[in-house]
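Source file: final_26.cif (mmCIF, C-alpha atoms)
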```
data_entry
#
loop_
_atom_site.label_atom_id
_atom_site.label_comp_id
_atom_site.auth_asym_id
_atom_site.auth_seq_id
_atom_site.Cartn_x
_atom_site.Cartn_y
_atom_site.Cartn_z
CA MET A 1 102.07 100.63 105.45
CA SER A 2 104.54 97.95 104.39
CA VAL A 3 107.94 97.51 105.99
CA GLY A 4 109.57 97.86 102.58
CA TYR A 5 107.83 101.18 101.95
CA VAL A 6 108.87 102.54 105.36
CA ALA A 7 112.45 101.40 104.78
CA ALA A 8 112.49 103.05 101.36
CA GLN A 9 111.14 106.28 102.83
CA SER A 10 113.74 106.22 105.62
CA CYS A 11 116.46 105.64 103.09
CA LEU A 12 115.22 108.62 101.08
CA ARG A 13 115.45 110.89 104.13
CA LEU A 14 119.00 109.92 105.13
CA LYS A 15 121.21 113.01 105.03
CA GLY A 16 118.87 114.57 102.47
CA ALA A 17 120.47 112.43 99.80
CA ARG A 18 118.60 110.32 97.34
CA PRO A 19 119.47 106.63 97.53
CA MET A 20 120.69 104.74 94.56
CA ILE A 21 117.74 103.50 92.53
CA ASN A 22 119.01 99.93 92.86
CA GLN A 23 118.86 100.16 96.67
CA VAL A 24 115.21 101.26 96.62
CA THR A 25 114.32 98.68 93.99
CA HIS A 26 115.99 95.96 96.06
CA MET A 27 114.07 96.99 99.20
CA LEU A 28 110.77 97.04 97.36
CA HIS A 29 111.37 93.62 95.80
CA ARG A 30 111.82 92.14 99.27
CA THR A 31 108.37 93.40 100.27
CA SER A 32 105.60 90.82 100.36
CA LEU A 33 102.80 91.22 97.83
CA THR A 34 100.30 89.40 100.02
CA THR A 35 96.96 91.18 100.28
CA PRO A 36 94.57 90.45 103.16
CA THR A 37 91.68 88.18 102.13
CA ASN A 38 89.13 85.83 103.66
CA LEU A 39 89.96 83.19 101.08
CA SER A 40 92.16 80.29 102.15
CA GLU A 41 95.81 80.26 101.11
CA LYS A 42 95.07 77.33 98.79
CA ALA A 43 92.13 79.18 97.22
CA VAL A 44 94.29 82.26 96.62
CA HIS A 45 96.99 80.11 95.04
CA ASP A 46 94.60 78.12 92.85
CA ILE A 47 92.50 81.08 91.73
CA SER A 48 95.46 83.34 91.01
CA GLU A 49 97.10 80.52 88.99
CA ALA A 50 93.87 80.07 87.02
CA LEU A 51 93.64 83.83 86.46
CA MET A 52 97.27 83.89 85.27
CA LEU A 53 96.47 81.20 82.69
CA LEU A 54 93.30 83.04 81.70
CA LEU A 55 95.17 86.33 81.33
CA SER A 56 97.80 84.65 79.16
CA ASN A 57 95.08 83.29 76.89
CA VAL A 58 93.33 86.67 76.78
CA PHE A 59 96.56 88.39 75.70
CA ALA A 60 97.18 85.70 73.07
CA LEU A 61 93.62 86.03 71.73
CA TYR A 62 93.84 89.82 71.76
CA LEU A 63 97.04 89.83 69.71
CA LYS A 64 95.71 87.23 67.26
CA THR A 65 92.48 89.21 66.84
CA LYS A 66 94.48 92.37 66.12
CA ASN A 67 96.79 90.41 63.79
CA PHE A 68 93.81 89.27 61.75
CA HIS A 69 92.22 92.75 61.94
CA TRP A 70 95.43 94.27 60.49
CA HIS A 71 95.85 91.60 57.82
CA MET A 72 92.23 91.16 56.71
CA SER A 73 91.55 91.29 52.98
CA GLY A 74 88.84 90.39 50.50
CA PRO A 75 85.30 91.40 49.62
CA HIS A 76 84.12 91.60 53.25
CA PHE A 77 87.18 93.55 54.36
CA ARG A 78 85.36 96.50 55.90
CA ASP A 79 82.87 94.45 57.90
CA TYR A 80 85.43 91.94 59.17
CA HIS A 81 88.05 94.62 59.84
CA LEU A 82 85.62 96.66 61.96
CA MET A 83 84.21 93.62 63.76
CA LEU A 84 87.67 92.37 64.70
CA ASP A 85 88.66 95.83 65.91
CA ASP A 86 85.60 95.91 68.19
CA GLN A 87 86.31 92.38 69.41
CA GLY A 88 89.95 93.22 70.05
CA GLU A 89 88.97 96.21 72.21
CA GLN A 90 86.52 94.05 74.17
CA ILE A 91 89.14 91.35 74.76
CA PHE A 92 91.83 93.86 75.78
CA SER A 93 89.44 95.50 78.26
CA MET A 94 89.49 92.26 80.28
CA THR A 95 93.25 92.28 80.89
CA ASP A 96 93.51 94.84 83.68
CA ALA A 97 90.46 93.49 85.52
CA ILE A 98 91.86 89.93 85.46
CA ALA A 99 95.28 90.99 86.72
CA GLU A 100 93.86 93.29 89.40
CA ARG A 101 91.48 90.58 90.59
CA ALA A 102 94.42 88.24 91.19
CA ARG A 103 96.17 90.99 93.15
CA LYS A 104 93.03 91.86 95.15
CA ILE A 105 92.86 88.34 96.55
CA GLY A 106 96.56 88.27 97.38
CA GLY A 107 97.93 86.49 94.34
CA THR A 108 100.27 87.62 91.62
CA THR A 109 99.91 87.80 87.89
CA VAL A 110 101.93 87.67 84.67
CA ARG A 111 105.10 89.71 84.51
CA SER A 112 106.32 89.38 80.92
CA ILE A 113 105.56 88.41 77.36
CA GLY A 114 107.81 85.38 77.86
CA GLN A 115 105.71 84.20 80.78
CA ILE A 116 102.54 84.71 78.73
CA SER A 117 103.99 82.64 75.87
CA ARG A 118 104.84 79.80 78.26
CA LEU A 119 101.33 79.75 79.76
CA GLN A 120 99.04 80.46 76.81
CA ARG A 121 96.93 77.65 75.37
CA ILE A 122 95.60 79.66 72.43
CA ALA A 123 98.01 79.09 69.56
CA ASP A 124 99.66 81.99 67.76
CA ASN A 125 99.32 82.33 64.01
CA ASP A 126 102.44 83.76 62.38
CA ALA A 127 101.49 82.82 58.81
CA GLN A 128 102.29 85.32 56.05
CA TYR A 129 98.78 85.03 54.69
CA VAL A 130 95.58 83.55 56.08
CA GLU A 131 92.34 83.36 54.10
CA PRO A 132 89.67 85.63 55.61
CA LEU A 133 87.26 82.77 56.36
CA ASP A 134 90.10 80.80 57.95
CA MET A 135 90.82 83.79 60.19
CA ILE A 136 87.17 83.92 61.19
CA ALA A 137 87.03 80.16 61.89
CA GLU A 138 90.26 80.23 63.92
CA LEU A 139 89.06 83.13 66.06
CA ARG A 140 85.69 81.40 66.53
CA ASP A 141 87.42 78.30 67.85
CA ASP A 142 89.81 80.33 70.02
CA ASN A 143 86.91 82.23 71.61
CA ALA A 144 85.27 78.88 72.35
CA ILE A 145 88.52 77.71 74.01
CA LEU A 146 88.60 80.91 76.07
CA THR A 147 84.97 80.38 77.09
CA GLN A 148 85.75 76.85 78.28
CA SER A 149 88.75 78.11 80.25
CA MET A 150 86.57 80.75 81.91
CA ARG A 151 83.94 78.14 82.79
CA GLU A 152 86.61 76.00 84.47
CA THR A 153 87.88 79.02 86.42
CA HIS A 154 84.28 79.84 87.39
CA SER A 155 83.84 76.32 88.77
CA LEU A 156 86.99 76.76 90.84
CA CYS A 157 85.65 80.07 92.16
CA ASP A 158 82.36 78.40 93.08
CA GLU A 159 84.22 75.68 94.98
CA THR A 160 86.25 78.23 96.96
CA GLY A 161 83.49 80.77 97.55
CA ASP A 162 85.06 83.52 95.44
CA VAL A 163 81.85 85.12 94.23
CA ALA A 164 83.50 88.33 93.04
CA THR A 165 85.77 86.57 90.53
CA ALA A 166 82.88 84.32 89.48
CA SER A 167 80.75 87.40 88.82
CA LEU A 168 83.38 88.94 86.55
CA LEU A 169 83.74 85.64 84.70
CA GLU A 170 80.00 85.43 84.05
CA ASN A 171 80.07 88.69 82.10
CA TRP A 172 83.20 87.70 80.19
CA ILE A 173 81.72 84.31 79.31
CA ASP A 174 78.68 86.07 77.86
CA GLU A 175 80.92 88.39 75.81
CA ALA A 176 83.03 85.48 74.53
CA GLU A 177 79.90 83.55 73.55
CA LYS A 178 78.68 86.59 71.63
CA ARG A 179 82.02 86.87 69.82
CA THR A 180 81.86 83.15 69.00
CA TRP A 181 78.32 83.56 67.68
CA PHE A 182 79.24 86.53 65.46
CA LEU A 183 82.29 84.74 64.10
CA PHE A 184 80.24 81.60 63.48
CA GLU A 185 77.62 83.55 61.54
CA CYS A 186 80.28 85.40 59.51
CA GLY A 187 81.91 82.11 58.60
CA ARG A 188 78.76 80.49 57.20
CA HIS A 189 78.80 79.73 53.53
CA ALA A 190 75.80 81.11 51.65
#
```

Take the structure in the file and write it out as structure tokens.
Amino acid sequence: MSVGYVAAQSCLRLKGARPMINQVTHMLHRTSLTTPTNLSEKAVHDISEALMLLLSNVFALYLKTKNFHWHMSGPHFRDYHLMLDDQGEQIFSMTDAIAERARKIGGTTVRSIGQISRLQRIADNDAQYVEPLDMIAELRDDNAILTQSMRETHSLCDETGDVATASLLENWIDEAEKRTWFLFECGRHA
């Protein structure tokens, strides 16, 4: 049990009164987030930083995929709309696992949309209108960027002996390659 938790509990029991929420929040913010691990301090730092960058890119790709899903038009609307919805769900399903992996090894993760926007390497697309095939091509390239980022993080995990994170990355790399393949095939001209 953490010192901060014990202090918060003691504060709650004082004279049967509930402490001010700010007092409890302050005590909890002073508590260390370090989780026990066999990884070196440098490995924890490097891997959690890589996972933070990866998570930022995953959120950026998720939102762009949903943006294009919502704004799809044209003769292949139904097929593209459904495919992008499926891909968006698959991308979003990675977010919690990435963040929790960073926490499991004793690191921290993203805390805000602002932090994500500062770290992301996948560019947003705020255009009023994007041609359907341009959407497909952009998402294809973005999934390839994400795959490369995951490969680099996997290499870091191999160097530091973090087999659990590497294992997760292997599945996500396979999923990203499949998304890239589908988007590539959809973008072919007949």

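Using only C-alpha atoms, the nearest neighbour of Met83 (chain A) within the list A:Ile136, A:Asn38, A:Glu170, A:Asp46 is A:Ile136.
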
query = Where does the PyMOL selection byres ((chain A and resi 67) around 12) land in this file, that is, which residues does it pick, as a list in words?
reply =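 Matching residues under the PyMOL selection byres ((chain A and resi 67) around 12) are Ala60, Leu61, Tyr62, Leu63, Lys64, Thr65, Lys66, Phe68, His69, Trp70, His71, Met72, His81, Leu84, Asp85, Gly88, Asp124, Asn125, Asp126, Ala127, Gln128, Tyr129, Val130, Pro132, Met135, Ile136 and Leu139 of chain A.
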
task = Extract, using only C-alpha atoms, all DNA, RNA and protein residues at most 7 Å from region 97-108 of chain A, discarding same-chain residues fewer than 4 positions from it, and format them as a ChimeraX atom specification.
result = /A:33-37,44-45,48,51,55,165

inquiry  = Under the rule that only C-alpha atoms are counted, which of A:Ala137, A:Ile173, A:Ala43, A:Leu183 is the nearest residue to His154 (chain A)?
reply    = A:Ile173

ask   = Near Asp141 (chain A), within 12 Å and counting only C-alpha atoms, which residues show up once chain neighbours fewer than 2 positions away are dropped, as a ChimeraX atom specification?
value = /A:61,122-123,134-139,143-148,176-177,179-184,187

query = If you measure from CA of Arg140 (chain A) to CA of Val58 (chain A), what distance in Å do you get, rounded to one decimal?
reply =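 Separation between CA of Arg140 (chain A) and CA of Val58 (chain A): 13.8 Å.
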
message = Using Å and a single decimal, report how far CA of Ser167 (chain A) sits from CA of Val110 (chain A).
response = 21.6 Å

ask   = the PyMOL selection byres ((chain A and resi 157) around 10) on the file shown: which residues, as an NGL selection string?
value = :A and (43-44 or 46-47 or 50 or 151-156 or 158-167 or 169)

ask   = When distances are computed from only C-alpha atoms, which of A:Glu175, A:Asp142, A:Glu131, A:Glu41 shows the smallest separation from Gln87 (chain A)?
value =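 Comparing A:Glu175, A:Asp142, A:Glu131, A:Glu41 against Gln87 (chain A), the winner is A:Glu175.
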
remark   = Correct to one decimal, the distance CA of Ser56 (chain A)-CA of Ser117 (chain A) is 7.3 Å

note = Ile91 (chain A) proximity check over A:Leu54, A:Leu119, A:Leu39, A:Leu133, using all atoms listed in the file: winner is A:Leu54
